[in-house]
>>> print(open('my_file-v4.cif').read())   # mmCIF, C-alpha atoms
data_entry
loop_
_atom_site.label_atom_id
_atom_site.label_comp_id
_atom_site.auth_asym_id
_atom_site.auth_seq_id
_atom_site.Cartn_x
_atom_site.Cartn_y
_atom_site.Cartn_z
CA MET A 7 68.70 1.86 79.27
CA LYS A 8 65.82 0.31 77.34
CA ALA A 9 65.54 -3.48 77.27
CA ALA A 10 63.20 -6.36 76.55
CA VAL A 11 62.60 -8.15 79.86
CA TYR A 12 61.19 -11.67 80.10
CA HIS A 13 59.03 -12.10 83.21
CA ASP A 14 57.24 -15.39 82.55
CA THR A 15 55.41 -17.36 79.86
CA ALA A 16 54.24 -15.02 77.08
CA ASP A 17 55.26 -12.03 79.19
CA ILE A 18 58.01 -9.86 77.69
CA ARG A 19 57.94 -6.17 78.57
CA ILE A 20 59.93 -3.27 77.17
CA GLU A 21 61.27 -1.52 80.24
CA ALA A 22 63.81 1.00 81.49
CA VAL A 23 66.42 -0.95 83.47
CA PRO A 24 69.83 -0.10 84.94
CA ASP A 25 72.82 -0.19 82.62
CA PRO A 26 74.96 -3.34 82.98
CA ILE A 27 77.81 -3.26 85.50
CA LEU A 28 81.30 -3.62 84.06
CA ALA A 29 83.15 -6.58 85.55
CA ALA A 30 86.76 -7.72 85.22
CA GLY A 31 87.39 -9.57 81.99
CA GLU A 32 84.23 -8.25 80.38
CA LEU A 33 83.17 -5.75 77.73
CA ILE A 34 80.17 -3.45 77.64
CA LEU A 35 78.69 -3.36 74.14
CA GLU A 36 76.36 -0.78 72.68
CA VAL A 37 73.97 -3.04 70.80
CA HIS A 38 72.47 -2.11 67.46
CA ALA A 39 71.85 -5.65 66.22
CA ALA A 40 70.73 -8.75 68.09
CA GLY A 41 69.11 -11.84 66.62
CA ILE A 42 66.28 -14.04 67.84
CA CYS A 43 65.82 -17.73 67.11
CA GLY A 44 63.65 -20.75 67.87
CA THR A 45 64.99 -21.00 71.40
CA ASP A 46 63.72 -17.50 72.18
CA VAL A 47 60.35 -18.41 70.67
CA THR A 48 60.10 -21.59 72.75
CA GLU A 49 60.96 -19.71 75.94
CA TYR A 50 58.29 -17.12 75.17
CA LEU A 51 55.58 -19.68 74.41
CA ARG A 52 56.38 -22.47 76.89
CA GLY A 53 59.09 -21.21 79.20
CA PRO A 54 60.79 -20.56 81.35
CA ILE A 55 62.86 -23.60 80.41
CA GLN A 56 66.45 -22.36 80.39
CA TYR A 57 65.75 -18.87 81.67
CA PRO A 58 66.38 -18.82 85.46
CA ILE A 59 63.21 -16.94 86.36
CA HIS A 60 61.92 -19.01 89.29
CA SER A 61 65.10 -20.71 90.53
CA ARG A 62 68.63 -19.36 90.78
CA HIS A 63 71.08 -20.50 88.11
CA PRO A 64 73.95 -22.42 89.74
CA VAL A 65 76.67 -20.81 87.60
CA THR A 66 75.54 -17.25 86.88
CA GLY A 67 73.53 -16.78 90.08
CA HIS A 68 70.76 -15.10 88.11
CA LEU A 69 67.24 -15.29 89.50
CA GLY A 70 64.19 -13.42 88.28
CA PRO A 71 63.19 -11.40 85.22
CA MET A 72 65.87 -11.53 82.56
CA ILE A 73 66.92 -9.82 79.34
CA PRO A 74 67.08 -12.43 76.52
CA GLY A 75 69.25 -12.24 73.42
CA HIS A 76 72.14 -14.65 72.79
CA GLU A 77 72.85 -13.65 69.18
CA VAL A 78 74.55 -10.35 69.78
CA ALA A 79 77.12 -7.99 68.33
CA GLY A 80 77.96 -4.46 69.30
CA ARG A 81 80.42 -1.64 69.57
CA ILE A 82 82.69 -1.64 72.63
CA VAL A 83 82.01 1.29 74.97
CA ALA A 84 83.90 0.05 78.06
CA MET A 85 86.47 -2.61 78.96
CA GLY A 86 86.95 -4.28 82.32
CA ALA A 87 90.19 -4.98 84.16
CA GLY A 88 92.38 -7.59 82.53
CA VAL A 89 90.96 -7.21 79.02
CA ASP A 90 93.57 -7.14 76.27
CA GLY A 91 93.38 -7.13 72.50
CA PHE A 92 90.33 -4.92 72.16
CA GLU A 93 89.72 -1.20 71.77
CA VAL A 94 86.82 1.07 72.63
CA GLY A 95 84.81 1.66 69.46
CA GLN A 96 85.54 -1.75 67.95
CA VAL A 97 82.70 -3.80 66.48
CA VAL A 98 82.75 -7.30 67.97
CA ALA A 99 80.64 -10.43 67.74
CA SER A 100 79.98 -12.45 70.87
CA GLY A 101 79.75 -16.23 70.78
CA ALA A 102 77.61 -15.94 73.96
CA GLY A 103 78.65 -19.34 75.39
CA ILE A 104 80.79 -18.99 78.53
CA SER A 105 83.16 -21.77 79.63
CA CYS A 106 85.50 -22.07 82.62
CA GLY A 107 88.60 -23.04 80.61
CA THR A 108 89.88 -25.45 83.26
CA CYS A 109 87.57 -28.50 83.38
CA GLU A 110 88.27 -31.68 81.41
CA PRO A 111 86.05 -30.84 78.40
CA CYS A 112 87.56 -27.35 78.17
CA ALA A 113 91.08 -28.81 78.28
CA ALA A 114 90.07 -31.05 75.35
CA GLY A 115 88.80 -28.04 73.38
CA GLN A 116 85.14 -28.96 73.93
CA THR A 117 84.27 -25.70 75.61
CA ASN A 118 80.60 -26.13 74.67
CA LEU A 119 80.52 -29.14 77.01
CA CYS A 120 82.10 -27.25 79.92
CA VAL A 121 80.77 -28.47 83.26
CA HIS A 122 80.16 -24.82 84.21
CA TYR A 123 78.75 -23.77 80.83
CA CYS A 124 76.31 -20.87 80.64
CA THR A 125 75.15 -18.52 77.96
CA VAL A 126 74.65 -14.77 77.67
CA GLY A 127 70.95 -14.22 76.99
CA LEU A 128 69.89 -17.63 78.29
CA GLU A 129 71.22 -17.83 81.85
CA ARG A 130 72.26 -14.20 82.35
CA HIS A 131 71.20 -10.88 80.85
CA GLY A 132 71.62 -10.75 77.08
CA GLY A 133 71.62 -8.53 74.06
CA LEU A 134 68.00 -7.43 73.60
CA ALA A 135 68.90 -4.19 75.28
CA GLN A 136 70.73 -0.99 74.41
CA PHE A 137 73.81 -2.17 76.30
CA CYS A 138 75.04 -5.65 77.14
CA ALA A 139 77.89 -7.02 79.25
CA VAL A 140 79.76 -9.98 77.71
CA PRO A 141 82.98 -11.79 78.64
CA ALA A 142 85.80 -10.66 76.37
CA SER A 143 86.75 -14.33 75.99
CA THR A 144 83.55 -14.88 73.98
CA CYS A 145 84.23 -12.03 71.55
CA LEU A 146 86.08 -11.46 68.31
CA SER A 147 86.43 -8.28 66.30
CA GLY A 148 84.62 -8.25 62.98
CA GLU A 149 86.51 -5.24 61.67
CA PRO A 150 89.44 -7.10 60.03
CA LEU A 151 86.84 -8.76 57.79
CA GLY A 152 84.89 -5.55 57.22
CA LEU A 153 81.82 -6.74 59.14
CA ASP A 154 79.35 -4.20 60.42
CA GLU A 155 77.22 -4.81 63.51
CA GLU A 156 74.28 -6.20 61.56
CA THR A 157 76.40 -8.85 59.87
CA ALA A 158 78.44 -9.59 63.00
CA ALA A 159 75.16 -10.35 64.81
CA LEU A 160 74.85 -13.42 62.56
CA ALA A 161 78.12 -14.86 63.84
CA GLN A 162 76.68 -16.91 66.71
CA PRO A 163 74.19 -18.90 64.56
CA MET A 164 76.82 -19.24 61.83
CA ALA A 165 79.20 -20.64 64.48
CA ILE A 166 76.56 -23.21 65.44
CA ALA A 167 76.32 -24.22 61.78
CA VAL A 168 80.11 -24.50 61.55
CA HIS A 169 80.20 -26.67 64.67
CA SER A 170 77.42 -28.90 63.35
CA MET A 171 79.27 -29.30 60.07
CA ARG A 172 82.45 -30.30 61.91
CA ARG A 173 80.54 -32.78 64.05
CA GLY A 174 79.54 -34.56 60.83
CA ARG A 175 83.22 -34.79 59.83
CA LEU A 176 82.23 -33.50 56.41
CA ARG A 177 84.98 -33.57 53.76
CA PRO A 178 85.23 -31.57 50.52
CA GLN A 179 84.61 -34.70 48.42
CA ASP A 180 81.50 -35.76 50.38
CA GLU A 181 77.88 -35.55 49.37
CA ALA A 182 75.68 -34.08 52.08
CA VAL A 183 71.95 -33.60 52.55
CA ILE A 184 70.61 -30.83 54.76
CA ILE A 185 66.99 -31.24 55.87
CA GLY A 186 65.64 -27.83 56.83
CA ALA A 187 66.77 -24.49 55.39
CA GLY A 188 65.79 -22.20 58.25
CA GLY A 189 68.33 -20.12 60.17
CA ILE A 190 70.92 -22.77 61.06
CA GLY A 191 70.16 -24.80 57.94
CA ALA A 192 70.81 -21.81 55.69
CA PHE A 193 74.14 -21.06 57.35
CA LEU A 194 75.03 -24.76 57.29
CA THR A 195 74.34 -24.81 53.55
CA TYR A 196 76.75 -21.97 52.98
CA ALA A 197 79.44 -23.46 55.24
CA ALA A 198 79.22 -26.94 53.68
CA ALA A 199 79.23 -25.61 50.12
CA ALA A 200 82.18 -23.33 50.93
CA LEU A 201 84.06 -26.40 52.19
CA GLY A 202 83.58 -27.96 48.76
CA ALA A 203 80.99 -30.62 49.58
CA ARG A 204 78.15 -31.30 47.17
CA VAL A 205 75.06 -30.17 49.08
CA THR A 206 71.41 -31.06 48.56
CA VAL A 207 68.92 -29.09 50.62
CA VAL A 208 65.43 -30.35 51.48
CA ASP A 209 62.68 -27.99 52.65
CA VAL A 210 58.92 -27.55 52.31
CA VAL A 211 59.17 -23.80 51.64
CA PRO A 212 60.06 -22.97 48.01
CA GLU A 213 61.48 -19.56 48.90
CA ARG A 214 63.97 -21.16 51.26
CA LEU A 215 65.05 -23.58 48.57
CA ARG A 216 65.74 -20.68 46.24
CA LEU A 217 67.84 -19.08 48.96
CA ALA A 218 69.67 -22.38 49.53
CA ALA A 219 70.62 -22.43 45.86
CA ASP A 220 71.98 -18.89 46.19
CA LEU A 221 73.98 -20.04 49.21
CA GLY A 222 75.69 -22.79 47.22
CA ALA A 223 73.40 -25.83 47.24
CA ALA A 224 73.99 -27.98 44.17
CA GLU A 225 70.49 -29.48 44.41
CA THR A 226 67.27 -28.55 46.17
CA LEU A 227 64.27 -30.76 46.83
CA LEU A 228 60.70 -29.84 47.68
CA PRO A 229 59.59 -33.23 49.03
CA THR A 230 56.24 -34.78 48.21
CA SER A 231 54.15 -36.97 50.50
CA ASP A 232 53.65 -39.83 48.03
CA SER A 233 57.04 -41.52 48.51
CA PRO A 234 59.80 -41.73 51.15
CA LEU A 235 62.40 -38.97 51.20
CA ALA A 236 65.17 -41.51 50.58
CA GLU A 237 63.47 -42.63 47.39
CA GLN A 238 63.05 -39.07 46.16
CA LEU A 239 66.72 -38.39 46.79
CA ARG A 240 67.81 -41.61 45.05
CA ASP A 241 65.70 -40.68 42.02
CA ARG A 242 67.95 -37.63 41.72
CA GLY A 243 71.09 -39.67 42.19
CA VAL A 244 71.74 -38.26 45.65
CA GLN A 245 73.61 -40.69 47.92
CA PRO A 246 74.75 -38.76 51.00
CA ALA A 247 77.57 -39.79 53.31
CA VAL A 248 76.29 -37.23 55.82
CA VAL A 249 72.75 -36.06 56.51
CA TYR A 250 72.09 -33.04 58.73
CA GLU A 251 68.62 -33.03 60.30
CA VAL A 252 67.90 -29.41 61.23
CA VAL A 253 64.13 -29.56 61.74
CA GLY A 254 63.65 -31.52 64.95
CA GLY A 255 60.80 -33.67 63.62
CA GLU A 256 60.21 -37.42 63.85
CA ARG A 257 59.51 -37.82 60.13
CA THR A 258 62.63 -35.91 59.16
CA VAL A 259 64.81 -38.01 61.46
CA THR A 260 63.32 -41.15 59.94
CA GLY A 261 63.95 -39.74 56.47
CA ALA A 262 67.53 -38.93 57.37
CA LEU A 263 68.22 -42.49 58.61
CA GLU A 264 66.69 -43.97 55.47
CA ALA A 265 68.61 -41.63 53.16
CA VAL A 266 72.15 -41.86 54.52
CA LEU A 267 74.54 -44.42 53.01
CA PRO A 268 75.69 -47.41 55.08
CA GLY A 269 78.60 -46.29 57.21
CA GLY A 270 77.36 -42.71 57.03
CA ARG A 271 76.47 -40.17 59.67
CA VAL A 272 73.22 -38.49 60.66
CA VAL A 273 73.83 -35.26 62.59
CA LEU A 274 70.90 -34.21 64.77
CA VAL A 275 71.02 -30.42 64.76
CA GLY A 276 67.34 -29.66 65.35
CA LEU A 277 66.12 -29.74 68.93
CA HIS A 278 63.42 -32.31 69.71
CA ASP A 279 60.79 -31.53 72.32
CA ASP A 280 59.61 -35.13 72.69
CA PRO A 281 61.18 -38.60 72.69
CA ARG A 282 61.37 -40.16 69.19
CA SER A 283 60.99 -43.69 67.84
CA LEU A 284 64.05 -44.67 65.80
CA ASP A 285 64.84 -47.70 63.66
CA LEU A 286 67.94 -48.67 65.62
CA ARG A 287 68.23 -51.96 63.72
CA ARG A 288 68.95 -49.89 60.62
CA VAL A 289 71.56 -47.93 62.56
CA THR A 290 73.24 -51.13 63.78
CA THR A 291 73.21 -53.15 60.57
CA GLY A 292 74.19 -50.15 58.48
CA GLU A 293 77.02 -49.18 60.83
CA MET A 294 75.62 -45.66 60.88
CA GLU A 295 76.48 -42.96 63.36
CA LEU A 296 73.95 -40.78 65.14
CA VAL A 297 75.75 -37.58 66.09
CA GLY A 298 74.57 -34.95 68.54
CA THR A 299 75.64 -31.33 68.43
CA LYS A 300 75.39 -28.57 71.04
CA ALA A 301 76.04 -24.85 70.54
CA HIS A 302 79.62 -24.25 69.34
CA ALA A 303 83.21 -24.31 70.55
CA CYS A 304 84.00 -20.61 70.59
CA GLY A 305 87.75 -20.83 70.03
CA VAL A 306 87.52 -22.72 66.74
CA ASP A 307 83.99 -22.15 65.45
CA LEU A 308 83.54 -18.41 65.98
CA PRO A 309 86.64 -17.38 63.95
CA GLU A 310 85.51 -19.57 61.06
CA ALA A 311 81.98 -18.15 61.33
CA LEU A 312 83.29 -14.61 60.97
CA ARG A 313 85.50 -15.65 58.04
CA LEU A 314 82.52 -17.20 56.27
CA LEU A 315 80.33 -14.16 56.89
CA GLY A 316 83.04 -11.96 55.42
CA SER A 317 83.60 -14.21 52.41
CA ARG A 318 80.22 -13.62 50.77
CA ARG A 319 79.46 -10.67 48.58
CA GLY A 320 76.73 -8.39 49.86
CA ARG A 321 75.47 -7.93 53.42
CA TRP A 322 73.39 -11.06 53.99
CA THR A 323 70.19 -9.08 53.53
CA ASP A 324 68.53 -12.12 51.94
CA ILE A 325 68.97 -13.87 55.31
CA ALA A 326 68.11 -10.91 57.57
CA PRO A 327 66.39 -8.19 55.51
CA THR A 328 64.78 -6.19 58.31
CA MET A 329 65.71 -4.49 61.58
CA LEU A 330 62.94 -4.33 64.18
CA PRO A 331 62.74 -2.03 67.21
CA LEU A 332 62.37 -3.60 70.65
CA GLU A 333 58.72 -2.55 70.74
CA ARG A 334 57.98 -4.90 67.80
CA LEU A 335 59.93 -7.85 69.22
CA VAL A 336 56.90 -9.98 70.05
CA GLU A 337 54.37 -8.88 67.43
CA ASP A 338 56.70 -8.78 64.41
CA GLY A 339 59.53 -11.02 65.62
CA ILE A 340 58.56 -13.87 67.95
CA LEU A 341 54.93 -14.52 66.97
CA PRO A 342 55.48 -14.73 63.18
CA ILE A 343 58.19 -17.34 63.80
CA ALA A 344 55.96 -19.25 66.20
CA GLU A 345 53.06 -19.20 63.74
CA ARG A 346 55.31 -20.11 60.77
CA ARG A 347 54.34 -17.00 58.83
CA SER A 348 57.64 -15.13 58.91
CA ASP A 349 59.27 -14.61 55.51
CA ARG A 350 62.63 -13.87 57.16
CA VAL A 351 65.23 -16.57 57.77
CA LYS A 352 66.76 -14.47 60.56
CA THR A 353 65.15 -11.67 62.54
CA LEU A 354 67.34 -8.86 63.87
CA ILE A 355 66.45 -6.31 66.54
CA ASP A 356 67.95 -2.82 66.93
CA PRO A 357 67.33 -1.74 70.55
CA TRP A 358 67.95 1.90 69.61
CA ALA A 359 65.55 2.00 66.65
CA ALA A 360 62.28 3.91 66.80
CA ALA A 361 60.72 2.01 63.89
CA SER A 362 61.28 -1.00 61.65
CA ARG A 363 63.52 -0.55 58.66
CA GLY A 364 64.92 -2.57 55.78
CA ARG A 365 68.63 -3.21 55.65
CA ALA A 366 70.55 -1.55 52.84
CA ARG A 367 72.19 -4.01 50.43
#
>>> encode(input="my_file-v4.cif", output="structure tokens")
Amino acid sequence: MKAAVYHDTADIRIEAVPDPILAAGELILEVHAAGICGTDVTEYLRGPIQYPIHSRHPVTGHLGPMIPGHEVAGRIVAMGAGVDGFEVGQVVASGAGISCGTCEPCAAGQTNLCVHYCTVGLERHGGLAQFCAVPASTCLSGEPLGLDEETAALAQPMAIAVHSMRRGRLRPQDEAVIIGAGGIGAFLTYAAAALGARVTVVDVVPERLRLAADLGAAETLLPTSDSPLAEQLRDRGVQPAVVYEVVGGERTVTGALEAVLPGGRVVLVGLHDDPRSLDLRRVTTGEMELVGTKAHACGVDLPEALRLLGSRRGRWTDIAPTMLPLERLVEDGILPIAERRSDRVKTLIDPWAAASRGRAR
């Protein structure tokens, strides 16, 4: 089969590799849609970080060049021993995160904190290939909701948004601010608005603010540099009980802490590469909560992600308007994201495509 293979920093090659081996409890998917995100970009530019290229992964055993791709959906072409509830030909979305099911976090439903946690496309071969092996336990069928492969491929990032929203304990009557309307921020906007919360989205890209409004944001804000974010929000009457920081920047974290009401919660969704300075006195005296969030809990977040994807009219082409072939993965996929010149919120790859194409609405 044809696959994108990561060898080392800034070294991804499109190669012919063996088809995946079918194991007990797993599915083989024929992949026509797989997403890429900031994690893939970071691994390309500065990795390997999570990819087990130079040292063997303690859970998966993988060592050496690896096929990325953790946002994956596909059509089942084979099922391993012990798999029930699926049929060959079904379109499924994979949550990608693999948990043992028996450790203490798993028993508490926190499968994303499993002591043996690993991820398809990060610590074992993933979906940027024509075929991909995934545990059936990470998969759900998108067909009951009428989802095609291209929409089902958005389920994993939507599940992360759902999990982040739940971590903030957001309620329908709450006011929320979302800082950053990129991939996860856009899905988080839709999920929070669908819950019934009043959502204000902050971003520096006007096009993303227009999309946020289409996704249900009641207010959007293009911040200026002449006053603190909290002041600009207060001028609009925005007083959030929950602020989701989805950028991973020091200024945006500071802005989130200044904006949230006393007793409120700041959910840190964006990944930070460096240590940050925080006004912990404000956190203490305001009885605020700083909340972390990691991946998603497949059993509760993935079903809701699929439901949300199926609840919106259209095919999410405003989020992911283009399908790229593997050969354009770096030039038209990874590098435009890295250089902040991509006009797509999500980038999808079709490993079988010969050329780029727009998605039909």
>>> residues_around(input="my_file-v4.cif", residues="Pro234 (chain A)", least_positions_apart="3", cutoff="10 Å", atoms="only C-alpha atoms", output="mmCIF file with C-alpha atoms, keeping the file's coordinate frame")
data_model
loop_
_atom_site.group_PDB
_atom_site.id
_atom_site.type_symbol
_atom_site.label_atom_id
_atom_site.label_comp_id
_atom_site.auth_asym_id
_atom_site.auth_seq_id
_atom_site.Cartn_x
_atom_site.Cartn_y
_atom_site.Cartn_z
ATOM 1 C CA PRO A 229 59.590 -33.230 49.030
ATOM 2 C CA THR A 230 56.240 -34.780 48.210
ATOM 3 C CA SER A 231 54.150 -36.970 50.500
ATOM 4 C CA GLU A 237 63.470 -42.630 47.390
ATOM 5 C CA GLN A 238 63.050 -39.070 46.160
ATOM 6 C CA LEU A 239 66.720 -38.390 46.790
ATOM 7 C CA ARG A 257 59.510 -37.820 60.130
ATOM 8 C CA THR A 260 63.320 -41.150 59.940
ATOM 9 C CA GLY A 261 63.950 -39.740 56.470
ATOM 10 C CA GLU A 264 66.690 -43.970 55.470
ATOM 11 C CA ALA A 265 68.610 -41.630 53.160
#
>>> residues_around(input="my_file-v4.cif", residues="region 8-21 of chain A", least_positions_apart="4", cutoff="7 Å", atoms="all atoms listed in the file", output="number ranges by chain")
A: 50-54, 71-74, 134-136, 332-333
>>> closest_residue(input="my_file-v4.cif", among="A:Pro178, A:Gly91, A:Gly41, A:Pro26", to="Met329 (chain A)", atoms="all atoms listed in the file")
A:Gly41
>>> resolve_selection(input="my_file-v4.cif", expression="the PyMOL selection byres ((chain A and resi 222) around 12)", output="CSV table (one decimal) with C-alpha atoms, in the coordinates of the input")
chain,number,residue,atom,x,y,z
A,192,ALA,CA,70.8,-21.8,55.7
A,193,PHE,CA,74.1,-21.1,57.4
A,194,LEU,CA,75.0,-24.8,57.3
A,195,THR,CA,74.3,-24.8,53.6
A,196,TYR,CA,76.8,-22.0,53.0
A,197,ALA,CA,79.4,-23.5,55.2
A,198,ALA,CA,79.2,-26.9,53.7
A,199,ALA,CA,79.2,-25.6,50.1
A,200,ALA,CA,82.2,-23.3,50.9
A,201,LEU,CA,84.1,-26.4,52.2
A,202,GLY,CA,83.6,-28.0,48.8
A,203,ALA,CA,81.0,-30.6,49.6
A,204,ARG,CA,78.2,-31.3,47.2
A,205,VAL,CA,75.1,-30.2,49.1
A,206,THR,CA,71.4,-31.1,48.6
A,207,VAL,CA,68.9,-29.1,50.6
A,215,LEU,CA,65.0,-23.6,48.6
A,216,ARG,CA,65.7,-20.7,46.2
A,217,LEU,CA,67.8,-19.1,49.0
A,218,ALA,CA,69.7,-22.4,49.5
A,219,ALA,CA,70.6,-22.4,45.9
A,220,ASP,CA,72.0,-18.9,46.2
A,221,LEU,CA,74.0,-20.0,49.2
A,223,ALA,CA,73.4,-25.8,47.2
A,224,ALA,CA,74.0,-28.0,44.2
A,225,GLU,CA,70.5,-29.5,44.4
A,226,THR,CA,67.3,-28.6,46.2
A,318,ARG,CA,80.2,-13.6,50.8
>>> resolve_selection(input="my_file-v4.cif", expression="the PyMOL selection byres ((chain A and resi 99) around 8)", output="list in words")
Val78, Ala79, Gly80, Val97, Val98, Ser100, Gly101, Cys145, Leu146, Ser147, Gly148, Glu155, Ala158, Ala159, Ala161 and Gln162 of chain A
>>> decode(input="my_file-v4.cif", residues="region 200-213 of chain A", atoms="N, CA, C and O atoms", output="PDB file, in the first residue's frame")
ATOM      1  N   ALA A 200     -24.322  24.294  20.941  1.00  0.00           N
ATOM      2  CA  ALA A 200     -25.354  23.261  20.871  1.00  0.00           C
ATOM      3  C   ALA A 200     -25.855  22.880  22.258  1.00  0.00           C
ATOM      4  O   ALA A 200     -27.025  22.507  22.430  1.00  0.00           O
ATOM      5  N   LEU A 201     -24.990  22.981  23.276  1.00  0.00           N
ATOM      6  CA  LEU A 201     -25.402  22.713  24.648  1.00  0.00           C
ATOM      7  C   LEU A 201     -26.386  23.763  25.144  1.00  0.00           C
ATOM      8  O   LEU A 201     -27.199  23.487  26.030  1.00  0.00           O
ATOM      9  N   GLY A 202     -26.299  24.967  24.588  1.00  0.00           N
ATOM     10  CA  GLY A 202     -27.176  26.054  24.999  1.00  0.00           C
ATOM     11  C   GLY A 202     -26.465  27.182  25.702  1.00  0.00           C
ATOM     12  O   GLY A 202     -27.098  28.158  26.125  1.00  0.00           O
ATOM     13  N   ALA A 203     -25.131  27.078  25.849  1.00  0.00           N
ATOM     14  CA  ALA A 203     -24.370  28.154  26.479  1.00  0.00           C
ATOM     15  C   ALA A 203     -24.292  29.359  25.542  1.00  0.00           C
ATOM     16  O   ALA A 203     -24.399  29.232  24.320  1.00  0.00           O
ATOM     17  N   ARG A 204     -24.106  30.528  26.141  1.00  0.00           N
ATOM     18  CA  ARG A 204     -23.881  31.736  25.343  1.00  0.00           C
ATOM     19  C   ARG A 204     -22.379  31.872  25.127  1.00  0.00           C
ATOM     20  O   ARG A 204     -21.616  32.046  26.082  1.00  0.00           O
ATOM     21  N   VAL A 205     -21.946  31.796  23.877  1.00  0.00           N
ATOM     22  CA  VAL A 205     -20.530  31.659  23.551  1.00  0.00           C
ATOM     23  C   VAL A 205     -20.015  32.917  22.872  1.00  0.00           C
ATOM     24  O   VAL A 205     -20.612  33.410  21.912  1.00  0.00           O
ATOM     25  N   THR A 206     -18.889  33.422  23.387  1.00  0.00           N
ATOM     26  CA  THR A 206     -18.145  34.484  22.726  1.00  0.00           C
ATOM     27  C   THR A 206     -16.808  33.915  22.287  1.00  0.00           C
ATOM     28  O   THR A 206     -16.103  33.285  23.080  1.00  0.00           O
ATOM     29  N   VAL A 207     -16.471  34.120  21.030  1.00  0.00           N
ATOM     30  CA  VAL A 207     -15.230  33.582  20.468  1.00  0.00           C
ATOM     31  C   VAL A 207     -14.276  34.730  20.156  1.00  0.00           C
ATOM     32  O   VAL A 207     -14.665  35.735  19.554  1.00  0.00           O
ATOM     33  N   VAL A 208     -13.011  34.546  20.584  1.00  0.00           N
ATOM     34  CA  VAL A 208     -11.966  35.536  20.361  1.00  0.00           C
ATOM     35  C   VAL A 208     -10.923  34.944  19.423  1.00  0.00           C
ATOM     36  O   VAL A 208     -10.436  33.829  19.642  1.00  0.00           O
ATOM     37  N   ASP A 209     -10.578  35.678  18.372  1.00  0.00           N
ATOM     38  CA  ASP A 209      -9.532  35.224  17.449  1.00  0.00           C
ATOM     39  C   ASP A 209      -8.985  36.436  16.717  1.00  0.00           C
ATOM     40  O   ASP A 209      -9.653  37.479  16.627  1.00  0.00           O
ATOM     41  N   VAL A 210      -7.773  36.291  16.177  1.00  0.00           N
ATOM     42  CA  VAL A 210      -7.137  37.393  15.449  1.00  0.00           C
ATOM     43  C   VAL A 210      -7.351  37.283  13.946  1.00  0.00           C
ATOM     44  O   VAL A 210      -6.879  38.129  13.189  1.00  0.00           O
ATOM     45  N   VAL A 211      -8.058  36.224  13.516  1.00  0.00           N
ATOM     46  CA  VAL A 211      -8.318  36.021  12.083  1.00  0.00           C
ATOM     47  C   VAL A 211      -9.802  36.264  11.807  1.00  0.00           C
ATOM     48  O   VAL A 211     -10.662  35.499  12.272  1.00  0.00           O
ATOM     49  N   PRO A 212     -10.138  37.324  11.068  1.00  0.00           N
ATOM     50  CA  PRO A 212     -11.553  37.652  10.844  1.00  0.00           C
ATOM     51  C   PRO A 212     -12.347  36.515  10.209  1.00  0.00           C
ATOM     52  O   PRO A 212     -13.513  36.302  10.560  1.00  0.00           O
ATOM     53  N   GLU A 213     -11.724  35.781   9.290  1.00  0.00           N
ATOM     54  CA  GLU A 213     -12.454  34.693   8.630  1.00  0.00           C
ATOM     55  C   GLU A 213     -12.878  33.628   9.635  1.00  0.00           C
ATOM     56  O   GLU A 213     -13.961  33.043   9.512  1.00  0.00           O
TER      57      GLU A 213
END
